[in-house]
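Enquirer: Just dropping this structure here.
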Amino acid sequence: MKIARKCFVLCLIFSIFVLSAPINIKYVYAGKYERPALPQDEDTQQTVIVKVNKPMTESEAKQLLQSYPDLKLRYHFQNIFNGFSVMGPSSQIKKLAEKTSIENIYPSYTYKLDISPYPQISNGTFNSINYIGTSKIRHLTDKNGNHLTGKGIKVGIIDTGIDYTHPDLRKSYVKGYDFVDNDYDPMETVDMGPNNTFHGTHVAGVIAANGKMTGVAPEAEIYAYRALGPGGFGTTEMIIAAVEQAIKDRVDVLNLSLGTSINGPDLPTSLALDKAVENGIVAVTSNGNSGPDLWTVGSPGTSHQAISVGASTPEIQIPYVDYYGQQFRLSPLTGSKPWNLDRSYMIVAGGLGREKDYQDVDVNGKIVLLKRGKLTFSDKVRTAEKYGAKAVIIYNNEDEAVLGMLDGEMNLPVAFLSKKDGEHLLKLMETSNTPAKIVNKNEQDRLADFSSRGPVTFSWEIKPDVVAPGVAIESTVPGGYKPLAGTSMSAPHVAGASAILKQANPDWTPEQIKAVLMSTSKPLLNEANQLYQSFEQGAGRIQMEEALRTETIIQPAALQYGKVKGKTFEETKKMITVENVSDHAIRCTFSTPLRSDTIAWDLPSPFYLKPKEKKQITIGIEVKNQHKKNEIYNGFIDMHSGSQTIHIPYLYVVAEPDYPRIMQFSFEKSEREDIYKYETYLPGGADEFGIALFDPDTYRFIDYLDWEKNVRRGLITKTIKQEKDLQKGTYIAVAFAKKSGKEDFIEQLIEIQ
């Protein structure tokens with residue numbers, strides 16, 4: 001059994017001592033807390049990534065560290081950037097940062113997978129692979145007459161490792177490296193019970209399974225890099241080291257189905273993928289599973305150069321509960337029996353599903369509606385079954401999407417319902433007494449609720465770039481197959497498609513492959529038959545057949561104007577390159593957008609391109625002063641190139657949009673009682689930033705842990721020494737950031753001992 005290195009995890013509840021400060025004028029904060037205006041003007045072991053300002057060999061890095069005897073060199077980087085990683089006391093890291101040769105120091109964040117098993121509700125085994133057009137292109141060949149199977153293309157997978165003994169993956173696996181245990185055996189975590197992993201094997205199957213299951217690129221060569229260990233945990237350092245190794249191995253495509261919740265373009269993993277692309281690698285990454293709200297894309301999905309992938313649905317069958325003339329969409333949980341109820345049943349409310357909630361409720365032979373909370377999903381179902389329920393619907397107690405599962409096979413149909421729908425259904429039940437009917441509907445090409453949305457903070461880029469199937473995706477796992485849900489499942493569809501495009505067009509650059517996948521994607525429509533926003537779906541769902549038959553490449557494939565001023569007669573321009581890759585002349589024209597009082601387009605006149613000819617064109621916008629401030633504007637511009645219509649997504653923001661001013665906040669107690677550390681991420685910097693301490697019962701302001709004005713944007717890491725003690729007990733720590741009049745906060749309970 002492999003023994004994994006203990007991952008560094010930032011604690012949210014901890015013991016600290018903090019300093020006191022005089023209380024000045026108070027004002028209402030976020031409608032809940034009152035805090036005063038800001039005052040007027042060590043030795044914790046850390047692992048950090050050090051970026052230097054010029055090339056440095058490994059021996060030169062060791063020489064630099066000779067002055068810091070307690071710092072241990074871990075990895076040396078020369079491809080993704082010039083630098084290295086070290087581990088040692090924070091006091092020496094702080095001194096190292098003062099060297100003129102040091103450009104920046106980044107903490108090594110903890111990454112954890114965010115996926116969920118999903119019930120098999122798709123129409124046909126492995127159908128998501130074919131849904132992007134795989135079956136339509138198998139008869140096509142490359143320039144050497146080989147069928148398009150990914151033959152000869154190296155695909156790197158940075159994940160939990162891979163079960164290279166799986167009968168569907170033995171042919172595809174070439175080699176790998178384990179950055180968790182530092183050896184050449186990238187096997188999944190095994191023999192560790194609930195900490196066993198299977199994620200990397202699932203991703204590998206979508207890309208290159210070649211057996212009972214056939215992946216998108218079944219003859220691609222898999223290079224596996226294990227950077228996430230037991231339970232799916234890993235660190236920034238391991239992931240960057242894996243990217244470095246992938247560059248050394250000269251892989252053609254690199255897949256990272258992982259991420260953090262931090263929305264910023266300058267995190268180390270995002271910068272590493274940008275560098276991988278510069279080294280000729282098509283970098284593909286998942287966009288995150290924190291949707292459906294805006295600004296939820298996380299690093300490395302925020303990488304400028306990588307292809308960030310959101311999740312859509314393949315053709316699947318979804319159960320709806322039909323009650324009193326209204327229908328509510330259900331999400332079956334893994335372990336649920338199929339929702340094949342052939343007649344109508346009464347539906348009753350069972351509260352939280354506890355034993356005492358059934359004392360005055362007859363659920364025998366009925367569907368029971370339960371609220372999430374107090375008990376696990378499985379305990380709710382077992383109790384409902386004990387009292388004779390026919391089926392169980394659990395509705396959410398919060399607005400965010402949830403990827404839920406049961407802890408085993410249940411004897412009842414079980415499904416999840418959103419908070420909004422659950423509360424609405426409950427109100428209908430209070431006013432009517434009518435049977436409920438289950439209706440199963442075929443759905444396809446809808447965005448998954450959990451799929452993270454953009455745009456990216458600060459750079460205001462459209463993310464995701466494209467979407468691909470990410471719901472009920474069945475693929476290989478150690479010992480067999482399993483359906484999973486998440487953008488982790490979407491990314492390998494795109495990685496496999498990229499391998500096919502690379503085989504067919506070996507001279508194409510990563511930028512060209514990304515552009516073609518975007519330009520030939522299908523923009524998706526929501527339930528109201530309207531286009532999803534560009535920062536929700538990017539260019540749309542990928543289509544392999546259209547990508548392989550494209551005659552035109554547009555670079556870049558999206559118009560990202562960034563922040564504009566909103567002044568009449570002031571035009572913002574973007575230049576794109578249009579390339580004719582066919583063997584005949586093509587006429588290019590633009591459709592004129594609908595007239596608007598807020599924006600005027602400056603589009604090129606029709607033009608022709610000879611075979612293999614390129615032309616640079618400029619697309620300008622005049623944003624008029626009728627525009628609302630602090631808003632995001634987006635959509636699609638249609639370009640007609642021969643018989644092909646290309647939908648070009650665009651986005652711009654006016655003034656300072658309504659993004660979260662603070663996006664991450666973590667504390668860690670040091671080994672010394674008088675030292676603690678915090679880390680936070682400020683997407684746009686802050687006019688005011690601080691950490692305020694409150695009484696959890698009265699919300700009375702106690703003290704500032706720290707404060708600062710005019711704080712730079714990006715990742716902030718700081719160590720603070722205690723000056724005074726507080727009484728022992730539980731407190732609320734509120735980290736807040738104020739920028740351009742908008743203030744956001746993150747609150748956490750902390751225990752002071």
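Chain identifiers are assigned as A, B, and so on, following the order in which chains appear in the structure tokens; residues are numbered from 1 within each chain, and ligands are numbered from 1 in order of appearance.
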Identify, with DSSP run on backbone atoms, the residues in region 364-575 of chain A assigned to strand (DSSP E), and express the list as a PyMOL selection string.

Expert: chain A and resi 367-371+391-395+414-417+437-443+466-469+473-477+480-485+552-555+559-564+571-575

Enquirer: Thr520 (chain A): which residues within 7 Å, counting only C-alpha atoms, same-chain residues fewer than 2 positions away excluded, as number ranges by chain?

Expert: A: 516-518, 522, 542-543, 546-547, 646

Enquirer: Taking 3 positions as the minimum chain separation for residues in the same chain, which residues sit within 12 Å of Met56 (chain A) when counting only C-alpha atoms? Answer as a list of chain:residue names.

Expert: A:Val50, A:Lys51, A:Val52, A:Asn53, A:Ser59, A:Glu60, A:Ala61, A:Lys62, A:Gln63, A:Leu64, A:His76, A:Phe77, A:Gln78, A:Asn79, A:Phe81, A:Asn82, A:Gly83, A:Phe84, A:Ser101, A:Ile102

Enquirer: Pick the closest to Ser257 (chain A) from A:Ala735, A:Val361, A:Val348, A:Val203: which is it, counting only C-alpha atoms?

Expert: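 The shortest atom-to-atom distance to Ser257 (chain A) comes from A:Val203.
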
Enquirer: Using only C-alpha atoms, pick whichever of A:Lys112, A:Arg712, A:Arg446, A:Lys437 has the shortest atom-to-atom distance to Gly231 (chain A).

Expert: A:Lys112

Enquirer: Do you have the CA of Glu98 (chain A)-CA of Leu65 (chain A) distance handy?

Expert: 12.9 Å

Enquirer: Please list as an NGL selection string every residue within 8 Å of region 279-294 of chain A, counting only C-alpha atoms and excluding residues in the same chain fewer than 5 positions away.

Expert: :A and (114-115 or 247 or 250-261 or 273 or 300-302 or 305-310 or 400-401 or 449-455 or 463-464 or 486-488 or 490-492 or 494-495 or 498 or 509-511 or 513-514)

Enquirer: Can you work out the spacing between CA of Phe198 (chain A) and CA of Ala485 (chain A) in Å, to one decimal?

Expert: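 Straight-line distance from CA of Phe198 (chain A) to CA of Ala485 (chain A) works out to 13.3 Å.
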
Enquirer: Neighbours of Ala497 (chain A) within 8 Å (only C-alpha atoms; same-chain residues fewer than 6 positions away dropped), as a PyMOL selection string?

Expert: chain A and resi 216-217+544

Enquirer: Write out, as a PDB file, in the first residue's frame, the residues just selected, with C-alpha atoms.

Expert:
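Saved to again.pdb:
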```pdb
ATOM      1  CA  VAL A 216     -12.995   9.921 -27.854  1.00  0.00           C
ATOM      2  CA  ALA A 217      -9.402   9.188 -28.945  1.00  0.00           C
ATOM      3  CA  MET A 544     -16.204  17.294 -33.723  1.00  0.00           C
TER       4      MET A 544
END
```

Enquirer: Can you list, as a count of residues only, every residue of region 159-217 of chain A that DSSP puts in alpha helix (DSSP H)?

Expert: 10

Enquirer: Neighbouring residues of Tyr681 (chain A) were defined as those with any atom within 12 Å, considering only C-alpha atoms; residues of the same chain fewer than 3 positions away were excluded. Please report them as a PDB file with C-alpha atoms, in the first residue's frame.

Expert:
```pdb
ATOM      1  CA  TYR A 106       2.941  32.015  -3.994  1.00  0.00           C
ATOM      2  CA  PRO A 107       1.477  29.745  -1.281  1.00  0.00           C
ATOM      3  CA  TYR A 109      -2.982  25.876  -2.084  1.00  0.00           C
ATOM      4  CA  THR A 260     -10.091  25.956  -6.679  1.00  0.00           C
ATOM      5  CA  SER A 261     -12.887  28.446  -6.054  1.00  0.00           C
ATOM      6  CA  ILE A 262     -10.605  31.456  -6.548  1.00  0.00           C
ATOM      7  CA  ASN A 263     -11.589  33.503  -9.595  1.00  0.00           C
ATOM      8  CA  GLY A 264      -8.449  35.279 -10.766  1.00  0.00           C
ATOM      9  CA  PRO A 265      -6.175  35.052 -13.838  1.00  0.00           C
ATOM     10  CA  ASP A 266      -2.908  35.301 -11.918  1.00  0.00           C
ATOM     11  CA  LEU A 267      -2.951  32.170  -9.754  1.00  0.00           C
ATOM     12  CA  GLY A 298     -11.997  29.075 -10.459  1.00  0.00           C
ATOM     13  CA  SER A 299      -8.300  28.657 -11.224  1.00  0.00           C
ATOM     14  CA  THR A 457     -12.360  38.933 -12.530  1.00  0.00           C
ATOM     15  CA  PRO A 660     -17.216  39.671  -5.350  1.00  0.00           C
ATOM     16  CA  ARG A 661     -14.627  41.994  -3.792  1.00  0.00           C
ATOM     17  CA  ILE A 662     -13.208  39.124  -1.725  1.00  0.00           C
ATOM     18  CA  MET A 663     -13.126  35.508  -2.896  1.00  0.00           C
ATOM     19  CA  GLN A 664     -11.142  33.480  -0.393  1.00  0.00           C
ATOM     20  CA  PHE A 665     -10.307  33.689   3.285  1.00  0.00           C
ATOM     21  CA  SER A 666      -8.413  31.108   5.370  1.00  0.00           C
ATOM     22  CA  TYR A 678      -4.277  34.309   7.051  1.00  0.00           C
ATOM     23  CA  GLY A 684      -9.562  43.894  -7.856  1.00  0.00           C
ATOM     24  CA  GLY A 685      -7.672  45.004  -4.778  1.00  0.00           C
ATOM     25  CA  ALA A 686      -9.422  47.028  -2.094  1.00  0.00           C
ATOM     26  CA  PHE A 689      -9.621  45.638   3.762  1.00  0.00           C
ATOM     27  CA  VAL A 711      -4.501  47.036  -0.897  1.00  0.00           C
ATOM     28  CA  ARG A 712      -3.091  45.592  -4.127  1.00  0.00           C
ATOM     29  CA  ARG A 713      -5.117  43.048  -6.094  1.00  0.00           C
ATOM     30  CA  GLY A 714      -4.373  39.340  -6.027  1.00  0.00           C
ATOM     31  CA  LEU A 715      -3.368  36.842  -3.392  1.00  0.00           C
ATOM     32  CA  ILE A 716      -2.555  38.255   0.056  1.00  0.00           C
ATOM     33  CA  THR A 717      -0.671  36.128   2.584  1.00  0.00           C
ATOM     34  CA  LYS A 718       0.197  37.589   5.966  1.00  0.00           C
ATOM     35  CA  ALA A 735     -12.956  39.400   6.394  1.00  0.00           C
ATOM     36  CA  PHE A 736     -14.211  42.329   4.323  1.00  0.00           C
ATOM     37  CA  ALA A 737     -13.030  44.196   1.236  1.00  0.00           C
ATOM     38  CA  PHE A 745     -17.329  39.865   3.228  1.00  0.00           C
ATOM     39  CA  ILE A 746     -16.655  36.267   4.211  1.00  0.00           C
TER      40      ILE A 746
END
```

Enquirer: Residues near Ile576 (chain A), anyone? I mean within 12 Å using only C-alpha atoms, not counting same-chain ones fewer than 5 positions away, as a ChimeraX atom specification.

Expert: /A:515,553-560,603-604,614-620,648

Enquirer: Can you write just those residues out, C-alpha atoms, as a short mmCIF file (atom, residue, chain, number, x, y, z; two decimals), in the first residue's frame?

Expert:
```
data_model
loop_
_atom_site.label_atom_id
_atom_site.label_comp_id
_atom_site.auth_asym_id
_atom_site.auth_seq_id
_atom_site.Cartn_x
_atom_site.Cartn_y
_atom_site.Cartn_z
CA ALA A 515 -10.14 28.60 -32.00
CA ILE A 553 -10.07 29.75 -38.43
CA ILE A 554 -10.71 32.93 -36.44
CA GLN A 555 -8.13 33.95 -33.83
CA PRO A 556 -9.01 34.79 -31.17
CA ALA A 557 -12.42 33.13 -31.35
CA ALA A 558 -14.00 35.50 -28.81
CA LEU A 559 -14.18 39.29 -28.64
CA GLN A 560 -13.15 40.27 -25.13
CA LEU A 603 -18.04 45.77 -38.64
CA PRO A 604 -15.81 45.09 -41.67
CA LYS A 614 -4.96 35.22 -43.82
CA LYS A 615 -6.42 38.65 -43.19
CA GLN A 616 -6.49 40.84 -40.10
CA ILE A 617 -9.74 42.66 -39.50
CA THR A 618 -10.90 45.08 -36.83
CA ILE A 619 -14.24 44.89 -35.02
CA GLY A 620 -15.10 48.01 -33.05
CA ILE A 648 -18.35 34.84 -32.13
#
```

Enquirer: So, with only C-alpha atoms as the atoms that count, which of A:Gly479, A:His424, A:Thr149, A:Val180 lies closest to Asp168 (chain A)?

Expert: A:Gly479

Enquirer: Work out how far apart CA of Val243 (chain A) and CA of Lys95 (chain A) are and give it in Å to one decimal.

Expert: 28.1 Å

Enquirer: Which is closest to Asn144 (chain A) among A:Asn505, A:Asn710, A:Asn340, A:Thr589, if we use only C-alpha atoms?

Expert: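 Smallest distance to Asn144 (chain A) is found for A:Asn505.
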
Enquirer: Calculated over only C-alpha atoms, which of the candidates A:Glu315, A:Asp706, A:Glu221, A:Glu430 has the smallest distance to Lys677 (chain A)?

Expert: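 Closest to Lys677 (chain A), using only C-alpha atoms: A:Asp706.
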